[in-house]
$ cat my_file-v7.tsv   # TSV, C-alpha atoms
chain	number	residue	atom	x	y	z
A	25	MET	CA	129.64	159.02	108.83
A	26	THR	CA	131.32	155.65	108.85
A	27	PHE	CA	129.51	152.49	109.91
A	28	ILE	CA	131.95	150.14	111.65
A	29	LEU	CA	131.63	146.34	111.47
A	30	LYS	CA	133.40	144.08	113.97
A	31	PRO	CA	133.21	140.29	113.68
A	32	GLU	CA	131.63	137.91	116.14
A	33	PRO	CA	132.67	134.25	116.37
A	34	LEU	CA	130.95	131.96	113.86
A	35	THR	CA	128.57	129.53	115.56
A	36	THR	CA	125.82	127.30	114.22
A	37	GLU	CA	123.22	129.14	116.27
A	38	ALA	CA	124.22	132.67	115.29
A	39	PHE	CA	124.53	131.73	111.61
A	40	ALA	CA	121.29	129.73	111.41
A	41	PRO	CA	119.22	132.49	109.72
A	42	PHE	CA	121.75	132.65	106.88
A	43	GLY	CA	122.99	129.11	106.38
A	44	ASP	CA	124.87	126.15	107.82
A	45	VAL	CA	128.20	125.90	109.60
A	46	VAL	CA	130.15	122.90	108.27
A	47	GLU	CA	132.44	121.63	111.01
A	48	ALA	CA	133.20	118.30	112.65
A	49	GLY	CA	131.47	118.12	115.99
A	50	ALA	CA	128.41	120.06	114.86
A	51	THR	CA	126.52	116.76	114.91
A	52	THR	CA	127.11	113.44	116.64
A	53	ALA	CA	129.31	111.31	114.43
A	54	ILE	CA	128.18	108.04	112.89
A	55	MET	CA	130.88	105.36	112.93
A	56	ILE	CA	131.43	103.88	109.46
A	57	ASN	CA	134.05	101.87	107.57
A	58	GLY	CA	134.33	99.22	110.26
A	59	GLY	CA	135.05	101.77	112.96
A	60	ASN	CA	137.80	103.53	111.02
A	61	THR	CA	135.89	106.70	110.22
A	62	GLU	CA	133.59	109.16	111.99
A	63	ARG	CA	130.97	110.53	109.61
A	64	TYR	CA	129.59	113.95	110.56
A	65	ASP	CA	126.58	113.48	108.38
A	66	SER	CA	124.59	116.02	106.38
A	67	LEU	CA	126.17	119.13	107.86
A	68	ALA	CA	124.66	120.99	104.93
A	69	ARG	CA	122.18	120.21	102.20
A	70	VAL	CA	123.05	121.30	98.68
A	71	ARG	CA	120.04	123.07	97.17
A	72	VAL	CA	119.31	123.50	93.50
A	73	GLU	CA	116.10	125.25	92.56
A	74	ASN	CA	115.19	123.96	89.12
A	75	SER	CA	114.76	120.38	87.98
A	76	ASP	CA	117.43	120.68	85.29
A	77	ASP	CA	119.98	122.29	87.63
A	78	HIS	CA	122.85	120.34	89.10
A	79	ALA	CA	125.50	120.91	91.74
A	80	VAL	CA	129.18	121.36	90.99
A	81	ILE	CA	132.39	121.39	93.00
A	82	ASN	CA	134.82	124.25	92.38
A	83	ILE	CA	137.89	125.77	93.96
A	84	PHE	CA	137.98	129.53	94.61
A	85	ARG	CA	141.44	131.06	95.08
A	86	ALA	CA	140.95	134.36	96.90
A	87	GLN	CA	143.30	137.26	97.39
A	88	PRO	CA	143.45	138.57	100.96
A	89	ARG	CA	140.87	141.34	101.15
A	90	MET	CA	142.28	143.29	104.05
A	91	THR	CA	145.44	144.04	102.18
A	92	GLN	CA	143.66	144.92	98.98
A	93	TYR	CA	141.12	147.23	100.57
A	94	GLY	CA	143.33	148.84	103.21
A	95	GLN	CA	143.23	152.62	102.98
A	96	ARG	CA	146.87	153.14	103.94
A	97	ALA	CA	149.88	151.01	103.12
A	98	THR	CA	150.45	150.53	106.83
A	99	ASP	CA	146.82	149.70	107.59
A	100	LYS	CA	146.12	146.05	106.83
A	101	ARG	CA	143.10	145.52	109.05
A	102	THR	CA	140.29	147.48	107.51
A	103	MET	CA	138.29	147.12	104.36
A	104	GLN	CA	135.37	148.94	102.87
A	105	VAL	CA	132.11	147.14	102.11
A	106	GLU	CA	130.55	148.34	98.88
A	107	MET	CA	128.19	145.60	97.80
A	108	MET	CA	126.52	142.29	98.57
A	109	GLU	CA	125.24	139.47	96.38
A	110	ARG	CA	122.79	136.58	96.54
A	111	HIS	CA	121.97	133.48	94.53
A	112	PRO	CA	118.25	132.89	93.96
A	113	PHE	CA	118.59	129.43	92.42
A	114	GLY	CA	120.68	127.51	94.93
A	115	SER	CA	122.89	127.23	97.97
A	116	GLN	CA	126.62	127.94	97.94
A	117	SER	CA	129.15	126.49	100.37
A	118	PHE	CA	132.73	127.50	101.17
A	119	GLN	CA	135.20	125.22	102.95
A	120	PRO	CA	138.65	126.67	103.71
A	121	LEU	CA	141.53	124.58	102.32
A	122	SER	CA	144.49	126.75	103.31
A	123	GLY	CA	144.39	126.50	107.09
A	124	GLU	CA	143.45	130.15	107.58
A	125	PRO	CA	140.54	131.91	109.26
A	126	TYR	CA	138.32	134.09	107.11
A	127	LEU	CA	135.44	136.54	107.36
A	128	VAL	CA	131.81	135.85	106.55
A	129	LEU	CA	129.59	138.86	105.92
A	130	VAL	CA	125.85	138.30	105.48
A	131	ALA	CA	122.71	140.44	105.63
A	132	ASP	CA	119.08	140.14	106.58
A	133	ALA	CA	116.58	138.93	103.98
A	134	LEU	CA	115.44	142.34	102.76
A	135	GLU	CA	115.32	144.00	99.35
A	136	ASP	CA	116.82	147.32	100.45
A	137	LEU	CA	119.85	146.79	102.66
A	138	LYS	CA	121.06	149.21	105.31
A	139	PRO	CA	124.38	148.92	107.14
A	140	GLU	CA	122.43	147.89	110.22
A	141	ASN	CA	121.29	144.76	108.37
A	142	LEU	CA	124.83	143.41	108.05
A	143	HIS	CA	126.23	140.60	110.23
A	144	LEU	CA	129.96	139.86	110.28
A	145	PHE	CA	131.44	136.57	111.51
A	146	LEU	CA	135.00	135.36	111.96
A	147	ALA	CA	135.24	131.73	110.82
A	148	ARG	CA	137.98	129.45	112.07
A	149	ALA	CA	140.16	127.53	109.63
A	150	ASP	CA	138.20	124.35	110.42
A	151	GLN	CA	134.77	125.87	109.80
A	152	GLY	CA	133.02	125.93	106.47
A	153	ILE	CA	129.75	127.66	105.73
A	154	ASN	CA	126.86	127.02	103.37
A	155	TYR	CA	124.76	130.01	102.35
A	156	HIS	CA	121.12	129.18	101.99
A	157	LYS	CA	119.50	130.09	98.71
A	158	ASN	CA	118.98	133.86	98.48
A	159	THR	CA	121.09	134.78	101.53
A	160	TRP	CA	122.80	138.12	100.95
A	161	HIS	CA	126.56	137.70	101.36
A	162	HIS	CA	129.76	139.45	100.46
A	163	PRO	CA	132.12	137.78	97.96
A	164	VAL	CA	134.67	135.57	99.71
A	165	LEU	CA	136.75	137.40	102.31
A	166	GLY	CA	140.13	135.73	102.67
A	167	LEU	CA	142.54	137.05	105.28
A	168	ASN	CA	146.29	137.21	105.72
A	169	LYS	CA	147.29	135.44	102.48
A	170	VAL	CA	145.97	133.88	99.28
A	171	CYS	CA	143.49	131.19	100.36
A	172	ASP	CA	141.76	128.35	98.55
A	173	PHE	CA	138.17	127.37	99.29
A	174	LEU	CA	136.23	124.35	98.11
A	175	VAL	CA	132.93	125.69	96.82
A	176	VAL	CA	129.80	123.62	96.17
A	177	ASP	CA	127.11	125.50	94.28
A	178	ARG	CA	124.41	125.34	91.66
A	179	LYS	CA	124.86	125.21	87.89
A	180	GLY	CA	122.06	125.83	85.44
A	181	SER	CA	120.39	128.38	83.21
A	182	GLY	CA	119.26	131.86	84.22
A	183	ASN	CA	120.89	134.64	86.21
A	184	ASN	CA	121.83	133.19	89.58
A	185	CYS	CA	123.62	136.27	90.91
A	186	GLU	CA	121.86	139.41	92.12
A	187	GLU	CA	123.91	142.31	93.43
A	188	PHE	CA	123.12	145.15	95.82
A	189	TYR	CA	125.31	148.27	95.96
A	190	PHE	CA	125.24	150.50	99.00
A	191	ASP	CA	124.87	154.24	98.60
A	192	GLN	CA	128.35	155.64	97.99
A	193	ASP	CA	127.69	158.36	100.57
A	194	GLN	CA	127.50	155.62	103.16
A	195	ARG	CA	130.90	154.37	104.24
A	196	ILE	CA	130.85	150.86	105.73
A	197	GLU	CA	134.12	149.62	107.11
A	198	ILE	CA	135.20	146.27	108.52
A	199	GLN	CA	137.71	146.72	111.31
A	200	LEU	CA	139.69	143.91	112.92
B	1	MET	CA	150.74	84.34	97.30
B	2	THR	CA	150.61	88.02	98.11
B	3	PHE	CA	149.55	90.61	95.55
B	4	ILE	CA	151.48	93.83	96.10
B	5	LEU	CA	150.03	97.26	95.33
B	6	LYS	CA	152.25	100.34	94.95
B	7	PRO	CA	150.76	103.78	94.36
B	8	GLU	CA	151.19	105.94	91.30
B	9	PRO	CA	150.78	109.73	91.39
B	10	LEU	CA	147.20	110.95	91.11
B	11	THR	CA	146.59	112.76	87.83
B	12	THR	CA	143.41	113.82	86.04
B	13	GLU	CA	144.28	111.64	83.08
B	14	ALA	CA	145.08	108.46	85.01
B	15	PHE	CA	142.03	108.83	87.23
B	16	ALA	CA	139.57	109.70	84.44
B	17	PRO	CA	138.00	106.21	84.18
B	18	PHE	CA	137.08	106.37	87.87
B	19	GLY	CA	136.23	109.99	88.59
B	20	ASP	CA	137.47	113.56	88.78
B	21	VAL	CA	140.52	115.11	90.38
B	22	VAL	CA	139.55	118.31	92.23
B	23	GLU	CA	142.53	120.65	92.27
B	24	ALA	CA	143.22	124.26	91.41
B	25	GLY	CA	144.92	124.44	88.05
B	26	ALA	CA	143.05	121.48	86.58
B	27	THR	CA	141.11	124.01	84.50
B	28	THR	CA	141.78	127.59	83.44
B	29	ALA	CA	140.50	129.92	86.13
B	30	ILE	CA	137.70	132.40	85.60
B	31	MET	CA	138.29	135.75	87.30
B	32	ILE	CA	135.35	136.74	89.51
B	33	ASN	CA	134.56	139.13	92.36
B	34	GLY	CA	136.08	142.11	90.61
B	35	GLY	CA	139.38	140.37	90.04
B	36	ASN	CA	139.79	139.26	93.65
B	37	THR	CA	139.13	135.57	93.09
B	38	GLU	CA	140.10	132.84	90.63
B	39	ARG	CA	137.26	130.38	90.12
B	40	TYR	CA	138.36	126.90	89.02
B	41	ASP	CA	134.92	126.06	87.77
B	42	SER	CA	133.05	122.76	87.75
B	43	LEU	CA	136.01	120.57	88.68
B	44	ALA	CA	133.46	117.89	89.45
B	45	ARG	CA	129.75	117.42	88.92
B	46	VAL	CA	127.72	116.11	91.82
B	47	ARG	CA	125.50	113.29	90.57
B	48	VAL	CA	122.32	112.07	92.18
B	49	GLU	CA	120.43	109.31	90.41
B	50	ASN	CA	116.80	109.68	91.47
B	51	SER	CA	114.59	112.73	91.22
B	52	ASP	CA	113.91	112.82	94.96
B	53	ASP	CA	117.60	112.48	95.89
B	54	HIS	CA	119.65	115.41	97.03
B	55	ALA	CA	123.31	116.09	97.73
B	56	VAL	CA	124.74	116.67	101.19
B	57	ILE	CA	128.02	117.95	102.60
B	58	ASN	CA	129.64	115.89	105.36
B	59	ILE	CA	132.96	115.66	107.16
B	60	PHE	CA	134.67	112.27	107.47
B	61	ARG	CA	137.29	111.95	110.20
B	62	ALA	CA	139.51	109.01	109.27
B	63	GLN	CA	141.99	107.08	111.36
B	64	PRO	CA	145.32	106.48	109.61
B	65	ARG	CA	145.01	103.13	107.88
B	66	MET	CA	148.63	102.17	107.66
B	67	THR	CA	149.01	102.12	111.39
B	68	GLN	CA	145.79	100.24	111.93
B	69	TYR	CA	146.52	97.54	109.38
B	70	GLY	CA	150.26	97.17	109.96
B	71	GLN	CA	151.18	93.56	110.60
B	72	ARG	CA	154.00	94.31	113.06
B	73	ALA	CA	154.30	97.13	115.55
B	74	THR	CA	157.39	98.31	113.72
B	75	ASP	CA	155.80	98.07	110.27
B	76	LYS	CA	153.74	101.19	109.57
B	77	ARG	CA	153.77	101.16	105.80
B	78	THR	CA	151.67	98.21	104.74
B	79	MET	CA	148.01	97.42	104.88
B	80	GLN	CA	145.86	94.58	103.72
B	81	VAL	CA	143.03	95.15	101.25
B	82	GLU	CA	140.00	93.02	102.07
B	83	MET	CA	137.07	94.72	100.38
B	84	MET	CA	135.82	97.44	98.05
B	85	GLU	CA	132.54	99.34	97.84
B	86	ARG	CA	130.53	101.34	95.32
B	87	HIS	CA	127.55	103.68	95.33
B	88	PRO	CA	124.99	103.00	92.57
B	89	PHE	CA	122.87	106.11	93.15
B	90	GLY	CA	125.39	108.94	93.11
B	91	SER	CA	128.87	110.38	93.05
B	92	GLN	CA	130.99	110.82	96.19
B	93	SER	CA	133.79	113.35	96.57
B	94	PHE	CA	136.60	113.64	99.13
B	95	GLN	CA	138.59	116.81	99.73
B	96	PRO	CA	141.42	116.64	102.28
B	97	LEU	CA	141.16	119.25	105.05
B	98	SER	CA	144.16	118.27	107.20
B	99	GLY	CA	147.04	119.07	104.89
B	100	GLU	CA	148.07	115.44	104.46
B	101	PRO	CA	148.44	113.18	101.43
B	102	TYR	CA	146.23	110.10	101.25
B	103	LEU	CA	145.72	106.97	99.19
B	104	VAL	CA	142.98	106.39	96.63
B	105	LEU	CA	142.24	102.77	95.71
B	106	VAL	CA	139.79	102.08	92.89
B	107	ALA	CA	138.93	99.16	90.63
B	108	ASP	CA	137.73	98.47	87.13
B	109	ALA	CA	133.99	98.45	86.42
B	110	LEU	CA	133.47	94.69	86.77
B	111	GLU	CA	131.18	92.55	88.90
B	112	ASP	CA	133.85	90.07	90.00
B	113	LEU	CA	137.02	91.84	91.06
B	114	LYS	CA	140.50	90.37	90.90
B	115	PRO	CA	143.59	91.94	92.45
B	116	GLU	CA	144.74	92.80	88.95
B	117	ASN	CA	141.72	95.11	88.59
B	118	LEU	CA	142.88	97.39	91.39
B	119	HIS	CA	144.50	100.81	90.81
B	120	LEU	CA	146.24	102.64	93.64
B	121	PHE	CA	146.97	106.38	93.60
B	122	LEU	CA	148.81	108.67	95.99
B	123	ALA	CA	146.92	111.97	96.26
B	124	ARG	CA	148.63	115.15	97.38
B	125	ALA	CA	147.22	117.23	100.20
B	126	ASP	CA	145.86	119.74	97.67
B	127	GLN	CA	144.07	117.16	95.53
B	128	GLY	CA	140.51	116.03	96.07
B	129	ILE	CA	138.74	113.28	94.16
B	130	ASN	CA	135.16	112.66	93.09
B	131	TYR	CA	134.19	109.04	92.47
B	132	HIS	CA	131.76	108.65	89.64
B	133	LYS	CA	128.58	106.79	90.37
B	134	ASN	CA	129.29	103.04	90.69
B	135	THR	CA	133.08	103.31	90.78
B	136	TRP	CA	134.53	100.61	93.02
B	137	HIS	CA	136.67	102.21	95.72
B	138	HIS	CA	138.14	101.40	99.09
B	139	PRO	CA	136.85	103.28	102.16
B	140	VAL	CA	138.89	106.41	102.83
B	141	LEU	CA	142.61	105.75	103.30
B	142	GLY	CA	144.13	108.40	105.54
B	143	LEU	CA	147.86	108.30	106.15
B	144	ASN	CA	150.18	109.37	108.95
B	145	LYS	CA	147.57	110.81	111.33
B	146	VAL	CA	143.86	111.37	111.86
B	147	CYS	CA	142.62	113.31	108.82
B	148	ASP	CA	139.41	115.16	108.02
B	149	PHE	CA	137.86	115.11	104.57
B	150	LEU	CA	134.99	117.16	103.20
B	151	VAL	CA	132.65	114.69	101.52
B	152	VAL	CA	129.89	115.57	99.06
B	153	ASP	CA	127.57	112.69	98.31
B	154	ARG	CA	124.03	111.61	97.64
B	155	LYS	CA	121.21	111.26	100.14
B	156	GLY	CA	117.99	109.42	99.39
B	157	SER	CA	116.12	106.16	99.74
B	158	GLY	CA	117.38	102.70	98.81
B	159	ASN	CA	120.67	100.89	99.43
B	160	ASN	CA	123.43	103.10	98.02
B	161	CYS	CA	126.36	100.96	99.18
B	162	GLU	CA	127.39	97.69	97.56
B	163	GLU	CA	130.38	95.80	98.92
B	164	PHE	CA	132.75	93.28	97.38
B	165	TYR	CA	134.92	91.04	99.54
B	166	PHE	CA	138.00	89.42	98.10
B	167	ASP	CA	138.62	85.72	98.63
B	168	GLN	CA	140.36	85.37	101.98
B	169	ASP	CA	142.92	83.02	100.43
B	170	GLN	CA	144.06	85.97	98.32
B	171	ARG	CA	146.30	88.34	100.23
B	172	ILE	CA	146.39	91.85	98.75
B	173	GLU	CA	148.82	94.24	100.37
B	174	ILE	CA	149.47	97.95	99.89
B	175	GLN	CA	153.15	98.74	100.35
B	176	LEU	CA	154.63	102.22	100.60
$ encode --input "my_file-v7.tsv" --output "structure tokens"
Amino acid sequence: MTFILKPEPLTTEAFAPFGDVVEAGATTAIMINGGNTERYDSLARVRVENSDDHAVINIFRAQPRMTQYGQRATDKRTMQVEMMERHPFGSQSFQPLSGEPYLVLVADALEDLKPENLHLFLARADQGINYHKNTWHHPVLGLNKVCDFLVVDRKGSGNNCEEFYFDQDQRIEIQL
Amino acid sequence: MTFILKPEPLTTEAFAPFGDVVEAGATTAIMINGGNTERYDSLARVRVENSDDHAVINIFRAQPRMTQYGQRATDKRTMQVEMMERHPFGSQSFQPLSGEPYLVLVADALEDLKPENLHLFLARADQGINYHKNTWHHPVLGLNKVCDFLVVDRKGSGNNCEEFYFDQDQRIEIQL
């Protein structure tokens, strides 16, 4: 049996259990710089768990997943979900830099994940997201072409990446 | 007398006294996510000065400066520099989200600034910057059109913005 995932639009409200949506307009802007600039303030808070942790800014360059995972050469719009990951020591944000939409796949805060616990969102090119600490999520899901993302996350000691692999008998497929 | 500023290209080396350049390729990528993603790791470190500070992610929407400051309706490519600012309690990064180049104006680490202490850079659309704590810089200088920037900076108590105003007898002009 195949479990089919279809995306819903990414909104602040729908994504609230998992993290923040980083987009202009999500809050009322503060005017700064003598009226030159609108500041959409504190759209996300960067979390680091331990006192000697710090936050870093990175760029992730992601291959388009739909192409890579497609089952047939002519089928570009499906991919198989095999695993999820989470970061126990801090938040992790992704902001698209390549003007392309992308997928965001998260799961409920459980230890043993079932396909029914997954939630798939389609993010617009002007929407970033910030996973709260410990939110299960799939590695970055670029679409259409190679895409860059600005990533803000935690640096420090200890293993900050836990992985969950679904039972291989269970086929989970994203379909667009 | 008018002091004329012309931009130089933004490079990691030239900008090192003032902060970091955040661009893919500035470091060797680490392959992650099963080979799907190149991680350009720790391009900048987010600094917060006090133990109860934290970092936040914001979006700044900036009006194009050259239009606003142009002295004649037909002259879009000059602007007057009147002031600089700095943040004593943390770093502040800007990543362009609108696919446009922008200007970065910084100054030497002095208390009394002269026009000769200014350094003007032209950043490409794929280059972000991270001002080190206490680096003098001009408020965001968008070009050509309204531009969004992802900004990572410090949140906490106390006055985190110091300003320096140049003598009004001294005219300082950016020319492109």
$ atom_distance --input "my_file-v7.tsv" --atom1 "CA of Glu135 in chain A" --atom2 "CA of Asn184 in chain A"
16.0 Å
$ closest_atom_pairs --input "my_file-v7.tsv" --of "chain A" --to "chain B" --cutoff "9 Å" --atoms "only C-alpha atoms" --output "CSV"
residue,atom,partner,partner_atom,distance
A:Val46,CA,B:Asn58,CA,7.6
A:Glu47,CA,B:Ile59,CA,7.1
A:Ala48,CA,B:Ile59,CA,6.1
A:Ala53,CA,B:Phe60,CA,8.8
A:Asn57,CA,B:Pro139,CA,6.3
A:Gly59,CA,B:Gln63,CA,8.9
A:Asn60,CA,B:Gln63,CA,5.5
A:Thr61,CA,B:Ala62,CA,4.4
A:Glu62,CA,B:Arg61,CA,5.0
A:Arg63,CA,B:Phe60,CA,4.6
A:Tyr64,CA,B:Ile59,CA,5.1
A:Asp65,CA,B:Asn58,CA,4.9
A:Ser66,CA,B:Asn58,CA,5.2
A:Leu67,CA,B:Asn58,CA,5.4
A:Ala68,CA,B:Ile57,CA,5.1
A:Arg69,CA,B:Val56,CA,4.5
A:Val70,CA,B:Ala55,CA,5.3
A:Arg71,CA,B:His54,CA,7.7
A:Val72,CA,B:His54,CA,8.8
A:Ser75,CA,B:Ser51,CA,8.3
A:His78,CA,B:Val46,CA,7.0
A:Ala79,CA,B:Val46,CA,5.3
A:Val80,CA,B:Arg45,CA,4.5
A:Ile81,CA,B:Ala44,CA,5.1
A:Asn82,CA,B:Asp41,CA,5.0
A:Ile83,CA,B:Tyr40,CA,5.1
A:Phe84,CA,B:Arg39,CA,4.6
A:Arg85,CA,B:Glu38,CA,5.0
A:Ala86,CA,B:Thr37,CA,4.4
A:Gln87,CA,B:Asn36,CA,5.5
A:Pro88,CA,B:Asn36,CA,8.2
A:Arg89,CA,B:Asn36,CA,7.9
A:Gln92,CA,B:Asn36,CA,8.7
A:Ser117,CA,B:Ile57,CA,8.9
A:Gln119,CA,B:Leu150,CA,8.1
A:Pro120,CA,B:Leu97,CA,7.9
A:Leu121,CA,B:Leu97,CA,6.0
A:Ser122,CA,B:Gly99,CA,8.2
A:Gly123,CA,B:Gly99,CA,8.2
A:Asp150,CA,B:Leu97,CA,8.0
A:Pro163,CA,B:Asn33,CA,6.3
A:Val164,CA,B:Thr37,CA,8.0
A:Asp172,CA,B:Ala24,CA,8.4
A:Leu174,CA,B:Gln95,CA,8.1
A:Val176,CA,B:Val152,CA,8.6
A:Lys179,CA,B:Ser42,CA,8.5
$ axis_aligned_box --input "my_file-v7.tsv" --around "range 72-87 of chain A" --padding-each-side "4 Å" --output "AutoDock Vina command-line options"
--center_x 129.0 --center_y 128.8 --center_z 91.3 --size_x 36.5 --size_y 24.9 --size_z 20.1
$ closest_residue --input "my_file-v7.tsv" --among "B:Tyr102, B:Phe164, B:Phe18, B:Phe3" --to "His132 in chain B" --atoms "all atoms listed in the file"
B:Phe18
$ atom_distance --input "my_file-v7.tsv" --atom1 "CA of Leu142 in chain A" --atom2 "CA of Glu124 in chain A"
22.9 Å
$ atom_distance --input "my_file-v7.tsv" --atom1 "CA of Gly114 in chain A" --atom2 "CA of Gln92 in chain B"
19.7 Å
$ closest_residue --input "my_file-v7.tsv" --among "A:Gln104, A:Cys185, A:Ala133, A:Asp76" --to "Gln199 in chain A" --atoms "all atoms listed in the file"
A:Gln104
$ closest_residue --input "my_file-v7.tsv" --among "B:Ile172, B:Leu10, B:Ala16, B:Met66" --to "Glu116 in chain B" --atoms "all atoms listed in the file"
B:Ile172
$ residues_around --input "my_file-v7.tsv" --residues "Leu110 in chain B" --least-positions-apart "6" --cutoff "10 Å" --atoms "all atoms listed in the file" --output "PyMOL selection string"
chain B and resi 117+135-136
$ decode --input "my_file-v7.tsv" --residues "range 57-115 of chain B" --atoms "C-alpha atoms" --output "PDB file, in the first residue's frame"
ATOM      1  CA  ILE B  57      15.364  36.704  12.051  1.00  0.00           C
ATOM      2  CA  ASN B  58      13.695  39.703  10.417  1.00  0.00           C
ATOM      3  CA  ILE B  59      12.902  40.978   6.945  1.00  0.00           C
ATOM      4  CA  PHE B  60      13.869  44.548   6.015  1.00  0.00           C
ATOM      5  CA  ARG B  61      12.048  46.061   3.042  1.00  0.00           C
ATOM      6  CA  ALA B  62      14.189  48.934   1.776  1.00  0.00           C
ATOM      7  CA  GLN B  63      13.325  51.761  -0.565  1.00  0.00           C
ATOM      8  CA  PRO B  64      15.953  52.363  -3.263  1.00  0.00           C
ATOM      9  CA  ARG B  65      18.307  54.975  -1.869  1.00  0.00           C
ATOM     10  CA  MET B  66      19.663  56.411  -5.060  1.00  0.00           C
ATOM     11  CA  THR B  67      16.278  57.596  -6.150  1.00  0.00           C
ATOM     12  CA  GLN B  68      15.417  59.000  -2.764  1.00  0.00           C
ATOM     13  CA  TYR B  69      18.643  60.926  -2.340  1.00  0.00           C
ATOM     14  CA  GLY B  70      19.137  62.059  -5.940  1.00  0.00           C
ATOM     15  CA  GLN B  71      19.640  65.799  -6.134  1.00  0.00           C
ATOM     16  CA  ARG B  72      17.869  66.254  -9.479  1.00  0.00           C
ATOM     17  CA  ALA B  73      14.930  64.359 -10.896  1.00  0.00           C
ATOM     18  CA  THR B  74      17.143  63.219 -13.746  1.00  0.00           C
ATOM     19  CA  ASP B  75      20.024  62.194 -11.490  1.00  0.00           C
ATOM     20  CA  LYS B  76      19.410  58.716 -10.083  1.00  0.00           C
ATOM     21  CA  ARG B  77      22.956  57.668  -9.363  1.00  0.00           C
ATOM     22  CA  THR B  78      24.131  59.800  -6.482  1.00  0.00           C
ATOM     23  CA  MET B  79      23.259  59.989  -2.843  1.00  0.00           C
ATOM     24  CA  GLN B  80      24.495  61.983   0.082  1.00  0.00           C
ATOM     25  CA  VAL B  81      25.951  60.277   3.145  1.00  0.00           C
ATOM     26  CA  GLU B  82      24.932  62.024   6.349  1.00  0.00           C
ATOM     27  CA  MET B  83      25.362  59.463   9.103  1.00  0.00           C
ATOM     28  CA  MET B  84      26.576  56.020  10.140  1.00  0.00           C
ATOM     29  CA  GLU B  85      25.476  53.631  12.887  1.00  0.00           C
ATOM     30  CA  ARG B  86      26.844  50.690  14.856  1.00  0.00           C
ATOM     31  CA  HIS B  87      25.513  48.001  17.168  1.00  0.00           C
ATOM     32  CA  PRO B  88      27.615  47.428  20.304  1.00  0.00           C
ATOM     33  CA  PHE B  89      25.779  44.313  21.509  1.00  0.00           C
ATOM     34  CA  GLY B  90      25.776  42.039  18.485  1.00  0.00           C
ATOM     35  CA  SER B  91      26.357  41.236  14.848  1.00  0.00           C
ATOM     36  CA  GLN B  92      23.856  42.070  12.101  1.00  0.00           C
ATOM     37  CA  SER B  93      23.592  40.246   8.781  1.00  0.00           C
ATOM     38  CA  PHE B  94      21.834  41.171   5.535  1.00  0.00           C
ATOM     39  CA  GLN B  95      21.004  38.674   2.799  1.00  0.00           C
ATOM     40  CA  PRO B  96      19.374  40.034  -0.372  1.00  0.00           C
ATOM     41  CA  LEU B  97      16.081  38.327  -1.267  1.00  0.00           C
ATOM     42  CA  SER B  98      15.066  40.355  -4.329  1.00  0.00           C
ATOM     43  CA  GLY B  99      17.765  39.400  -6.799  1.00  0.00           C
ATOM     44  CA  GLU B 100      19.310  42.874  -6.871  1.00  0.00           C
ATOM     45  CA  PRO B 101      22.784  44.194  -6.120  1.00  0.00           C
ATOM     46  CA  TYR B 102      23.142  46.691  -3.275  1.00  0.00           C
ATOM     47  CA  LEU B 103      25.695  48.963  -1.673  1.00  0.00           C
ATOM     48  CA  VAL B 104      27.540  48.330   1.582  1.00  0.00           C
ATOM     49  CA  LEU B 105      29.100  51.356   3.279  1.00  0.00           C
ATOM     50  CA  VAL B 106      31.286  50.795   6.342  1.00  0.00           C
ATOM     51  CA  ALA B 107      33.894  52.763   8.263  1.00  0.00           C
ATOM     52  CA  ASP B 108      37.035  52.214  10.267  1.00  0.00           C
ATOM     53  CA  ALA B 109      36.755  51.418  13.980  1.00  0.00           C
ATOM     54  CA  LEU B 110      37.203  54.982  15.250  1.00  0.00           C
ATOM     55  CA  GLU B 111      35.146  57.241  17.491  1.00  0.00           C
ATOM     56  CA  ASP B 112      35.397  60.336  15.285  1.00  0.00           C
ATOM     57  CA  LEU B 113      34.775  59.489  11.649  1.00  0.00           C
ATOM     58  CA  LYS B 114      36.166  61.396   8.702  1.00  0.00           C
ATOM     59  CA  PRO B 115      35.114  60.860   5.088  1.00  0.00           C
TER      60      PRO B 115
END
